[in-house]
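To be precise, the following lines are coords-v2.pdb, and they hold PDB, C-alpha atoms and all ligand atoms.
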```pdb
ATOM      1  CA  MET A   1      92.867 174.117 249.485  1.00  0.00           C
ATOM      2  CA  VAL A   2      94.951 175.242 246.564  1.00  0.00           C
ATOM      3  CA  ASN A   3      93.098 176.313 243.485  1.00  0.00           C
ATOM      4  CA  GLU A   4      94.477 176.079 239.943  1.00  0.00           C
ATOM      5  CA  LEU A   5      93.368 179.591 239.129  1.00  0.00           C
ATOM      6  CA  PHE A   6      94.287 181.245 242.405  1.00  0.00           C
ATOM      7  CA  PRO A   7      97.302 179.407 243.793  1.00  0.00           C
ATOM      8  CA  SER A   8      98.387 180.271 247.290  1.00  0.00           C
ATOM      9  CA  VAL A   9     102.057 179.626 246.502  1.00  0.00           C
ATOM     10  CA  LEU A  10     104.533 181.312 244.252  1.00  0.00           C
ATOM     11  CA  GLU A  11     106.333 179.518 241.493  1.00  0.00           C
ATOM     12  CA  PRO A  12     109.405 177.761 242.851  1.00  0.00           C
ATOM     13  CA  GLY A  13     112.824 178.991 241.876  1.00  0.00           C
ATOM     14  CA  THR A  14     115.081 177.473 239.276  1.00  0.00           C
ATOM     15  CA  ASP A  15     117.323 174.455 239.686  1.00  0.00           C
ATOM     16  CA  ARG A  16     120.566 176.263 239.128  1.00  0.00           C
ATOM     17  CA  ALA A  17     121.652 176.225 242.750  1.00  0.00           C
ATOM     18  CA  GLU A  18     121.245 172.454 243.023  1.00  0.00           C
ATOM     19  CA  ARG A  19     122.776 171.618 239.658  1.00  0.00           C
ATOM     20  CA  TRP A  20     120.106 169.081 238.901  1.00  0.00           C
ATOM     21  CA  ARG A  21     119.807 167.995 235.308  1.00  0.00           C
ATOM     22  CA  PRO A  22     117.122 165.755 233.867  1.00  0.00           C
ATOM     23  CA  ASP A  23     118.171 162.320 232.656  1.00  0.00           C
ATOM     24  CA  ARG A  24     118.909 161.613 229.047  1.00  0.00           C
ATOM     25  CA  ALA A  25     118.101 158.453 227.099  1.00  0.00           C
ATOM     26  CA  GLY A  26     120.764 155.930 228.101  1.00  0.00           C
ATOM     27  CA  ASP A  27     120.771 157.014 231.741  1.00  0.00           C
ATOM     28  CA  TYR A  28     118.061 154.459 232.584  1.00  0.00           C
ATOM     29  CA  CYS A  29     116.279 151.365 231.266  1.00  0.00           C
ATOM     30  CA  PRO A  30     113.840 152.406 228.500  1.00  0.00           C
ATOM     31  CA  ARG A  31     111.660 149.433 229.356  1.00  0.00           C
ATOM     32  CA  CYS A  32     111.099 149.784 233.119  1.00  0.00           C
ATOM     33  CA  GLY A  33     112.754 153.119 233.911  1.00  0.00           C
ATOM     34  CA  ALA A  34     115.176 151.711 236.493  1.00  0.00           C
ATOM     35  CA  SER A  35     118.576 153.266 237.083  1.00  0.00           C
ATOM     36  CA  CYS A  36     120.467 150.340 235.573  1.00  0.00           C
ATOM     37  CA  GLY A  37     123.659 152.203 234.716  1.00  0.00           C
ATOM     38  CA  ALA A  38     125.162 153.015 231.346  1.00  0.00           C
ATOM     39  CA  GLY A  39     124.999 149.956 229.097  1.00  0.00           C
ATOM     40  CA  GLY A  40     122.875 148.099 231.655  1.00  0.00           C
ATOM     41  CA  ALA A  41     119.846 147.740 229.405  1.00  0.00           C
ATOM     42  CA  THR A  42     119.313 145.731 226.228  1.00  0.00           C
ATOM     43  CA  PRO A  43     116.130 145.598 224.102  1.00  0.00           C
ATOM     44  CA  ALA A  44     115.015 142.797 226.470  1.00  0.00           C
ATOM     45  CA  GLY A  45     115.326 145.132 229.437  1.00  0.00           C
ATOM     46  CA  CYS A  46     117.670 145.368 232.379  1.00  0.00           C
ATOM     47  CA  ALA A  47     118.439 143.320 235.479  1.00  0.00           C
ATOM     48  CA  PHE A  48     115.435 144.932 237.192  1.00  0.00           C
ATOM     49  CA  CYS A  49     112.851 143.986 234.564  1.00  0.00           C
ATOM     50  CA  VAL A  50     114.155 141.093 232.460  1.00  0.00           C
ATOM     51  CA  GLY A  51     111.473 138.457 232.179  1.00  0.00           C
ATOM     52  CA  GLN A  52     108.773 140.784 233.535  1.00  0.00           C
ATOM     53  CA  ARG A  53     105.714 141.649 231.500  1.00  0.00           C
ATOM     54  CA  ILE A  54     105.611 145.387 230.877  1.00  0.00           C
ATOM     55  CA  ALA A  55     102.337 146.898 229.710  1.00  0.00           C
ATOM     56  CA  TRP A  56     103.703 150.015 228.019  1.00  0.00           C
ATOM     57  CA  HIS A  57     105.911 150.246 224.988  1.00  0.00           C
ATOM     58  CA  ARG A  58     108.620 152.321 226.627  1.00  0.00           C
ATOM     59  CA  ILE A  59     109.094 154.737 229.480  1.00  0.00           C
ATOM     60  CA  VAL A  60     110.612 158.207 229.597  1.00  0.00           C
ATOM     61  CA  ARG A  61     111.652 159.722 232.912  1.00  0.00           C
ATOM     62  CA  LEU A  62     113.369 162.858 234.152  1.00  0.00           C
ATOM     63  CA  GLY A  63     115.203 161.134 236.985  1.00  0.00           C
ATOM     64  CA  ALA A  64     115.238 158.603 239.765  1.00  0.00           C
ATOM     65  CA  TYR A  65     113.041 159.308 242.769  1.00  0.00           C
ATOM     66  CA  ALA A  66     116.016 160.540 244.756  1.00  0.00           C
ATOM     67  CA  PRO A  67     117.291 163.940 245.938  1.00  0.00           C
ATOM     68  CA  PRO A  68     116.548 166.567 244.824  1.00  0.00           C
ATOM     69  CA  LEU A  69     113.767 165.332 242.538  1.00  0.00           C
ATOM     70  CA  ASP A  70     111.914 163.300 245.203  1.00  0.00           C
ATOM     71  CA  ALA A  71     111.428 166.308 247.461  1.00  0.00           C
ATOM     72  CA  ARG A  72     110.319 168.429 244.522  1.00  0.00           C
ATOM     73  CA  VAL A  73     107.755 165.870 243.446  1.00  0.00           C
ATOM     74  CA  ARG A  74     106.372 165.642 246.971  1.00  0.00           C
ATOM     75  CA  THR A  75     106.189 169.415 247.083  1.00  0.00           C
ATOM     76  CA  MET A  76     104.388 169.395 243.753  1.00  0.00           C
ATOM     77  CA  LYS A  77     101.874 166.825 244.953  1.00  0.00           C
ATOM     78  CA  PHE A  78     101.275 167.619 248.568  1.00  0.00           C
ATOM     79  CA  HIS A  79     102.282 171.234 249.195  1.00  0.00           C
ATOM     80  CA  GLY A  80     100.587 173.118 246.428  1.00  0.00           C
ATOM     81  CA  HIS A  81     103.628 173.738 244.254  1.00  0.00           C
ATOM     82  CA  TRP A  82     101.647 172.803 241.185  1.00  0.00           C
ATOM     83  CA  ARG A  83     103.816 174.930 238.903  1.00  0.00           C
ATOM     84  CA  TRP A  84     106.512 172.270 239.036  1.00  0.00           C
ATOM     85  CA  ALA A  85     104.103 170.156 237.018  1.00  0.00           C
ATOM     86  CA  SER A  86     104.325 172.548 234.081  1.00  0.00           C
ATOM     87  CA  ARG A  87     108.090 172.458 234.229  1.00  0.00           C
ATOM     88  CA  TYR A  88     108.242 168.671 234.287  1.00  0.00           C
ATOM     89  CA  GLY A  89     105.681 168.440 231.495  1.00  0.00           C
ATOM     90  CA  ARG A  90     107.806 170.734 229.354  1.00  0.00           C
ATOM     91  CA  LEU A  91     110.984 168.748 230.037  1.00  0.00           C
ATOM     92  CA  LEU A  92     109.233 165.469 229.262  1.00  0.00           C
ATOM     93  CA  GLY A  93     107.849 166.961 226.064  1.00  0.00           C
ATOM     94  CA  ARG A  94     111.390 167.434 224.830  1.00  0.00           C
ATOM     95  CA  ARG A  95     112.263 163.815 225.607  1.00  0.00           C
ATOM     96  CA  VAL A  96     109.403 161.674 224.339  1.00  0.00           C
ATOM     97  CA  GLY A  97     110.752 161.465 220.797  1.00  0.00           C
ATOM     98  CA  ARG A  98     108.974 161.601 217.476  1.00  0.00           C
ATOM     99  CA  PRO A  99     105.615 159.985 216.872  1.00  0.00           C
ATOM    100  CA  ILE A 100     105.116 157.499 214.042  1.00  0.00           C
ATOM    101  CA  ASP A 101     102.305 159.712 212.706  1.00  0.00           C
ATOM    102  CA  PRO A 102     102.136 163.285 214.065  1.00  0.00           C
ATOM    103  CA  GLN A 103      98.411 163.330 213.238  1.00  0.00           C
ATOM    104  CA  ARG A 104      97.738 160.305 215.392  1.00  0.00           C
ATOM    105  CA  ILE A 105      99.192 160.934 218.788  1.00  0.00           C
ATOM    106  CA  VAL A 106      97.520 162.131 221.970  1.00  0.00           C
ATOM    107  CA  VAL A 107      98.699 162.860 225.495  1.00  0.00           C
ATOM    108  CA  ALA A 108      96.661 161.482 228.405  1.00  0.00           C
ATOM    109  CA  PRO A 109      97.142 161.936 232.164  1.00  0.00           C
ATOM    110  CA  THR A 110      96.556 159.296 234.795  1.00  0.00           C
ATOM    111  CA  PRO A 111      93.222 160.320 236.282  1.00  0.00           C
ATOM    112  CA  MET A 112      92.492 161.399 239.824  1.00  0.00           C
ATOM    113  CA  HIS A 113      89.305 160.663 241.747  1.00  0.00           C
ATOM    114  CA  TRP A 114      87.162 163.799 242.055  1.00  0.00           C
ATOM    115  CA  LEU A 115      87.403 163.803 245.844  1.00  0.00           C
ATOM    116  CA  ARG A 116      91.212 163.882 245.825  1.00  0.00           C
ATOM    117  CA  ARG A 117      91.163 166.472 243.055  1.00  0.00           C
ATOM    118  CA  TRP A 118      88.820 168.608 245.120  1.00  0.00           C
ATOM    119  CA  ARG A 119      90.935 168.305 248.254  1.00  0.00           C
ATOM    120  CA  ARG A 120      94.220 168.963 246.472  1.00  0.00           C
ATOM    121  CA  GLY A 121      92.868 171.558 244.075  1.00  0.00           C
ATOM    122  CA  TYR A 122      94.591 170.114 241.039  1.00  0.00           C
ATOM    123  CA  ASN A 123      95.722 166.912 239.382  1.00  0.00           C
ATOM    124  CA  GLN A 124      99.479 167.240 238.914  1.00  0.00           C
ATOM    125  CA  ALA A 125      99.509 164.530 236.220  1.00  0.00           C
ATOM    126  CA  LYS A 126      96.961 166.484 234.201  1.00  0.00           C
ATOM    127  CA  LEU A 127      98.964 169.712 234.535  1.00  0.00           C
ATOM    128  CA  MET A 128     102.075 167.844 233.378  1.00  0.00           C
ATOM    129  CA  ALA A 129     100.151 166.332 230.458  1.00  0.00           C
ATOM    130  CA  GLU A 130      98.774 169.717 229.402  1.00  0.00           C
ATOM    131  CA  THR A 131     102.227 171.263 229.244  1.00  0.00           C
ATOM    132  CA  LEU A 132     103.774 168.235 227.554  1.00  0.00           C
ATOM    133  CA  ALA A 133     101.021 168.365 224.924  1.00  0.00           C
ATOM    134  CA  ALA A 134     101.414 172.115 224.419  1.00  0.00           C
ATOM    135  CA  THR A 135     105.195 171.770 224.106  1.00  0.00           C
ATOM    136  CA  ARG A 136     104.769 169.340 221.210  1.00  0.00           C
ATOM    137  CA  GLY A 137     101.568 170.724 219.689  1.00  0.00           C
ATOM    138  CA  TRP A 138      99.710 167.468 220.360  1.00  0.00           C
ATOM    139  CA  PRO A 139      96.193 167.188 221.785  1.00  0.00           C
ATOM    140  CA  MET A 140      95.670 166.322 225.449  1.00  0.00           C
ATOM    141  CA  VAL A 141      92.772 163.989 226.040  1.00  0.00           C
ATOM    142  CA  GLU A 142      91.361 162.895 229.385  1.00  0.00           C
ATOM    143  CA  ALA A 143      90.884 159.378 228.085  1.00  0.00           C
ATOM    144  CA  LEU A 144      90.575 157.803 231.525  1.00  0.00           C
ATOM    145  CA  VAL A 145      88.499 158.442 234.608  1.00  0.00           C
ATOM    146  CA  ARG A 146      88.869 157.243 238.174  1.00  0.00           C
ATOM    147  CA  PRO A 147      85.401 156.492 239.496  1.00  0.00           C
ATOM    148  CA  ARG A 148      86.550 154.582 242.594  1.00  0.00           C
ATOM    149  CA  HIS A 149      88.291 156.302 245.497  1.00  0.00           C
ATOM    150  CA  THR A 150      91.156 154.171 246.823  1.00  0.00           C
ATOM    151  CA  PRO A 151      93.952 154.796 249.336  1.00  0.00           C
ATOM    152  CA  PRO A 152      96.972 156.541 247.787  1.00  0.00           C
ATOM    153  CA  GLN A 153      99.471 154.052 246.391  1.00  0.00           C
ATOM    154  CA  THR A 154     102.104 155.442 248.744  1.00  0.00           C
ATOM    155  CA  ALA A 155      99.978 154.239 251.670  1.00  0.00           C
ATOM    156  CA  VAL A 156      99.882 150.661 250.388  1.00  0.00           C
ATOM    157  CA  PRO A 157     102.753 148.130 250.393  1.00  0.00           C
ATOM    158  CA  VAL A 158     104.253 147.640 246.941  1.00  0.00           C
ATOM    159  CA  SER A 159     102.964 144.058 246.880  1.00  0.00           C
ATOM    160  CA  GLY A 160      99.389 145.279 247.317  1.00  0.00           C
ATOM    161  CA  ARG A 161      99.397 148.125 244.833  1.00  0.00           C
ATOM    162  CA  ALA A 162      98.043 146.218 241.834  1.00  0.00           C
ATOM    163  CA  ALA A 163      95.087 145.070 243.941  1.00  0.00           C
ATOM    164  CA  ASN A 164      94.600 148.597 245.308  1.00  0.00           C
ATOM    165  CA  VAL A 165      94.067 150.084 241.847  1.00  0.00           C
ATOM    166  CA  ARG A 166      92.220 147.121 240.312  1.00  0.00           C
ATOM    167  CA  GLY A 167      88.922 148.401 239.022  1.00  0.00           C
ATOM    168  CA  SER A 168      89.780 151.990 239.951  1.00  0.00           C
ATOM    169  CA  PHE A 169      90.054 153.270 236.403  1.00  0.00           C
ATOM    170  CA  ALA A 170      87.674 153.332 233.471  1.00  0.00           C
ATOM    171  CA  LEU A 171      87.638 154.611 229.922  1.00  0.00           C
ATOM    172  CA  ALA A 172      86.052 157.970 229.296  1.00  0.00           C
ATOM    173  CA  GLY A 173      84.503 156.844 226.011  1.00  0.00           C
ATOM    174  CA  VAL A 174      87.287 158.063 223.719  1.00  0.00           C
ATOM    175  CA  ASP A 175      88.079 156.060 220.563  1.00  0.00           C
ATOM    176  CA  LEU A 176      91.872 155.775 220.315  1.00  0.00           C
ATOM    177  CA  THR A 177      91.942 153.365 217.377  1.00  0.00           C
ATOM    178  CA  GLY A 178      95.225 153.808 215.551  1.00  0.00           C
ATOM    179  CA  TYR A 179      96.597 156.373 218.014  1.00  0.00           C
ATOM    180  CA  GLU A 180      99.819 156.455 219.915  1.00  0.00           C
ATOM    181  CA  VAL A 181      99.320 157.629 223.487  1.00  0.00           C
ATOM    182  CA  VAL A 182     101.755 159.351 225.816  1.00  0.00           C
ATOM    183  CA  LEU A 183     100.508 158.488 229.299  1.00  0.00           C
ATOM    184  CA  VAL A 184     101.674 160.974 231.930  1.00  0.00           C
ATOM    185  CA  ASP A 185     102.115 160.434 235.657  1.00  0.00           C
ATOM    186  CA  ASP A 186     104.285 161.959 238.361  1.00  0.00           C
ATOM    187  CA  VAL A 187     105.997 158.868 239.813  1.00  0.00           C
ATOM    188  CA  LYS A 188     106.304 155.245 238.766  1.00  0.00           C
ATOM    189  CA  THR A 189     107.087 152.826 241.603  1.00  0.00           C
ATOM    190  CA  SER A 190     105.500 149.392 241.226  1.00  0.00           C
ATOM    191  CA  GLY A 191     104.039 150.370 237.862  1.00  0.00           C
ATOM    192  CA  ALA A 192     100.579 149.194 238.949  1.00  0.00           C
ATOM    193  CA  THR A 193      98.836 152.482 238.171  1.00  0.00           C
ATOM    194  CA  LEU A 194     100.470 152.846 234.774  1.00  0.00           C
ATOM    195  CA  SER A 195      99.816 149.199 233.890  1.00  0.00           C
ATOM    196  CA  ALA A 196      96.126 149.458 234.729  1.00  0.00           C
ATOM    197  CA  CYS A 197      95.841 152.627 232.648  1.00  0.00           C
ATOM    198  CA  VAL A 198      97.774 151.183 229.694  1.00  0.00           C
ATOM    199  CA  ARG A 199      95.526 148.128 229.555  1.00  0.00           C
ATOM    200  CA  LEU A 200      92.475 150.368 229.239  1.00  0.00           C
ATOM    201  CA  LEU A 201      94.119 152.590 226.619  1.00  0.00           C
ATOM    202  CA  ARG A 202      94.914 149.495 224.549  1.00  0.00           C
ATOM    203  CA  GLU A 203      91.288 148.395 224.933  1.00  0.00           C
ATOM    204  CA  ALA A 204      90.300 151.764 223.512  1.00  0.00           C
ATOM    205  CA  GLY A 205      92.437 151.038 220.422  1.00  0.00           C
ATOM    206  CA  ALA A 206      95.805 152.646 221.217  1.00  0.00           C
ATOM    207  CA  VAL A 207      98.545 151.105 219.076  1.00  0.00           C
ATOM    208  CA  SER A 208     101.291 151.954 221.520  1.00  0.00           C
ATOM    209  CA  VAL A 209     101.649 153.706 224.845  1.00  0.00           C
ATOM    210  CA  THR A 210     104.696 155.598 226.059  1.00  0.00           C
ATOM    211  CA  ALA A 211     104.758 156.214 229.799  1.00  0.00           C
ATOM    212  CA  ALA A 212     106.164 159.662 230.657  1.00  0.00           C
ATOM    213  CA  VAL A 213     106.911 160.264 234.327  1.00  0.00           C
ATOM    214  CA  ALA A 214     108.833 162.823 236.332  1.00  0.00           C
ATOM    215  CA  ALA A 215     110.516 160.210 238.521  1.00  0.00           C
ATOM    216  CA  VAL A 216     110.973 156.468 238.835  1.00  0.00           C
ATOM    217  CA  ALA A 217     111.236 155.040 242.363  1.00  0.00           C
ATOM    218  CA  ASP A 218     112.896 151.778 243.288  1.00  0.00           C
ATOM    219  CA  PRO A 219     110.077 149.531 244.566  1.00  0.00           C
ATOM    220  CA  GLN A 220     112.600 147.936 246.943  1.00  0.00           C
ATOM    221  CA  HIS A 221     113.579 151.337 248.379  1.00  0.00           C
ATOM    222  CA  ALA A 222     117.215 150.422 247.775  1.00  0.00           C
ATOM    223  CA  GLY A 223     118.134 153.195 245.370  1.00  0.00           C
ATOM    224  CA  PHE A 224     118.374 150.672 242.508  1.00  0.00           C
ATOM    225  CA  LYS A 225     121.379 149.102 244.193  1.00  0.00           C
ATOM    226  CA  ARG A 226     119.726 145.684 244.549  1.00  0.00           C
ATOM    227  CA  THR A 227     118.036 143.769 241.722  1.00  0.00           C
TER     228      THR A 227
HETATM  229 ZN    ZN B 301     114.489 147.544 233.013  1.00  0.00          ZN
END
```
Please rewrite the model in this file as structure tokens.
Ligand SMILES: [Zn+2]
Amino acid sequence: MVNELFPSVLEPGTDRAERWRPDRAGDYCPRCGASCGAGGATPAGCAFCVGQRIAWHRIVRLGAYAPPLDARVRTMKFHGHWRWASRYGRLLGRRVGRPIDPQRIVVAPTPMHWLRRWRRGYNQAKLMAETLAATRGWPMVEALVRPRHTPPQTAVPVSGRAANVRGSFALAGVDLTGYEVVLVDDVKTSGATLSACVRLLREAGAVSVTAAVAAVADPQHAGFKRT
């Protein structure tokens, strides 16, 4: 088991050799996060999300879930390379834009069930959220908890993911009335986890929620080639 305080792995190297650069606004749909191509999104969304209900206000991503980012994210989640989380949190912090009121914004991670946290040794979303918050000087609040242990979303077909997380999350008793929230997760695929979390944050009074994720995966596993 990897521990946050005493990691068994060294910090990964830099990206220079692979020439990876994080996405900029305009590289993807700000509504669903899909790789829709330059000019492919309007305020109503893109070909991947038009007509769909989206729970969050907008989404910020660092890239598509494709090489080399997909392998990095898996390494971050499953192989103890938790330090990538700090790097992604910092990069996202530079991309989430300005709040309406700098006094009324908080950063919240998607929560992890205690058993998974114990097995993995860390919650990568929380580490990302901590660094994002520190980068911007905003508070990080664990506004949500995950009292029910469910199979990982990656082990469930996309069509069953909303049902898999239904009832998995709960509010931690934080009053977010009048606050903007930046909700942090590692990967968005179906959006079921983020949607469930956003609904609860709105119940707690959040006026808007920005989803901030390291990578967005195509739910159809087609590399965003097929709408
Ligand atoms: Zn879209």
Please evaluate the PyMOL selection byres (((chain A and resi 104-114) around 9) and not hetatm) against the displayed coordinates and give the resulting residues as a short mmCIF file (atom, residue, chain, number, x, y, z; two decimals) with C-alpha atoms, in the coordinates of the input.
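Heads up, here's the output in out-v7.cif:
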```
data_model
loop_
_atom_site.label_atom_id
_atom_site.label_comp_id
_atom_site.auth_asym_id
_atom_site.auth_seq_id
_atom_site.Cartn_x
_atom_site.Cartn_y
_atom_site.Cartn_z
CA PRO A 99 105.62 159.99 216.87
CA ILE A 100 105.12 157.50 214.04
CA ASP A 101 102.30 159.71 212.71
CA PRO A 102 102.14 163.28 214.06
CA GLN A 103 98.41 163.33 213.24
CA LEU A 115 87.40 163.80 245.84
CA ARG A 116 91.21 163.88 245.82
CA ARG A 117 91.16 166.47 243.06
CA TRP A 118 88.82 168.61 245.12
CA ARG A 119 90.94 168.30 248.25
CA ASN A 123 95.72 166.91 239.38
CA GLN A 124 99.48 167.24 238.91
CA ALA A 125 99.51 164.53 236.22
CA LYS A 126 96.96 166.48 234.20
CA LEU A 127 98.96 169.71 234.54
CA MET A 128 102.08 167.84 233.38
CA ALA A 129 100.15 166.33 230.46
CA GLU A 130 98.77 169.72 229.40
CA LEU A 132 103.77 168.24 227.55
CA ALA A 133 101.02 168.36 224.92
CA TRP A 138 99.71 167.47 220.36
CA PRO A 139 96.19 167.19 221.78
CA MET A 140 95.67 166.32 225.45
CA VAL A 141 92.77 163.99 226.04
CA GLU A 142 91.36 162.90 229.38
CA ALA A 143 90.88 159.38 228.08
CA LEU A 144 90.58 157.80 231.52
CA VAL A 145 88.50 158.44 234.61
CA ARG A 146 88.87 157.24 238.17
CA PRO A 147 85.40 156.49 239.50
CA ARG A 148 86.55 154.58 242.59
CA HIS A 149 88.29 156.30 245.50
CA THR A 150 91.16 154.17 246.82
CA SER A 168 89.78 151.99 239.95
CA PHE A 169 90.05 153.27 236.40
CA LEU A 176 91.87 155.78 220.32
CA GLY A 178 95.22 153.81 215.55
CA TYR A 179 96.60 156.37 218.01
CA GLU A 180 99.82 156.46 219.92
CA VAL A 181 99.32 157.63 223.49
CA VAL A 182 101.76 159.35 225.82
CA LEU A 183 100.51 158.49 229.30
CA VAL A 184 101.67 160.97 231.93
CA ASP A 185 102.12 160.43 235.66
CA ASP A 186 104.28 161.96 238.36
CA THR A 193 98.84 152.48 238.17
CA LEU A 194 100.47 152.85 234.77
CA CYS A 197 95.84 152.63 232.65
#
```
Distance filter 12 Å around ligand ZN 301 (chain B), atoms: only C-alpha atoms and all ligand atoms, out as a PyMOL selection string: chain A and resi 26-37+39-54+58-60+191+216+218+224+227
Output of the PyMOL selection byres (((chain A and resi 164) around 12) and not hetatm), listed as a ChimeraX atom specification: /A:148-163,165-169,190,192-193,196
Residues in the PyMOL selection byres (((chain A and resi 64) around 7) and not hetatm), expressed as a list in words: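 Selection result, ordered by chain and number: Ser35, Gly63, Tyr65, Ala66, Ala215, Val216 and Ala217 of chain A.
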Residues within 7 Å of Ser86 (chain A), all atoms listed in the file, excluding chain neighbours under 2 positions, as a list in words: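 Near neighbours after the sequence-gap exclusion: Arg83, Trp84, Tyr88, Gly89, Arg90, Leu127, Met128 and Thr131 of chain A.
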Which residue of A:Met76, A:Ala222, A:Ala25, A:Ala212 approaches Gly93 (chain A) most closely, using only C-alpha atoms: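 The shortest atom-to-atom distance to Gly93 (chain A) comes from A:Ala212.
We find CA of Ser195 (chain A) and CA of Ala214 (chain A) to be spaced 16.5 Å apart.
Residue nearest Ser208 (chain A) within the list A:Arg95, A:Asp70, A:Leu171, A:Thr177: A:Thr177 [criterion: smallest interatomic distance, all atoms listed in the file].
Of the listed residues A:Arg19, A:Arg202, A:His57, A:His81, the one whose atoms come nearest to Gly121 (chain A) is A:His81, with distances taken using only C-alpha atoms.
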Between CA of Ala170 (chain A) and CA of Thr210 (chain A), distance in Å (one decimal):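 Separation between CA of Ala170 (chain A) and CA of Thr210 (chain A): 18.7 Å.
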Between CA of Lys77 (chain A) and CA of Ala211 (chain A), distance in Å (one decimal):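 Taking CA of Lys77 (chain A) and CA of Ala211 (chain A), their separation equals 18.7 Å.
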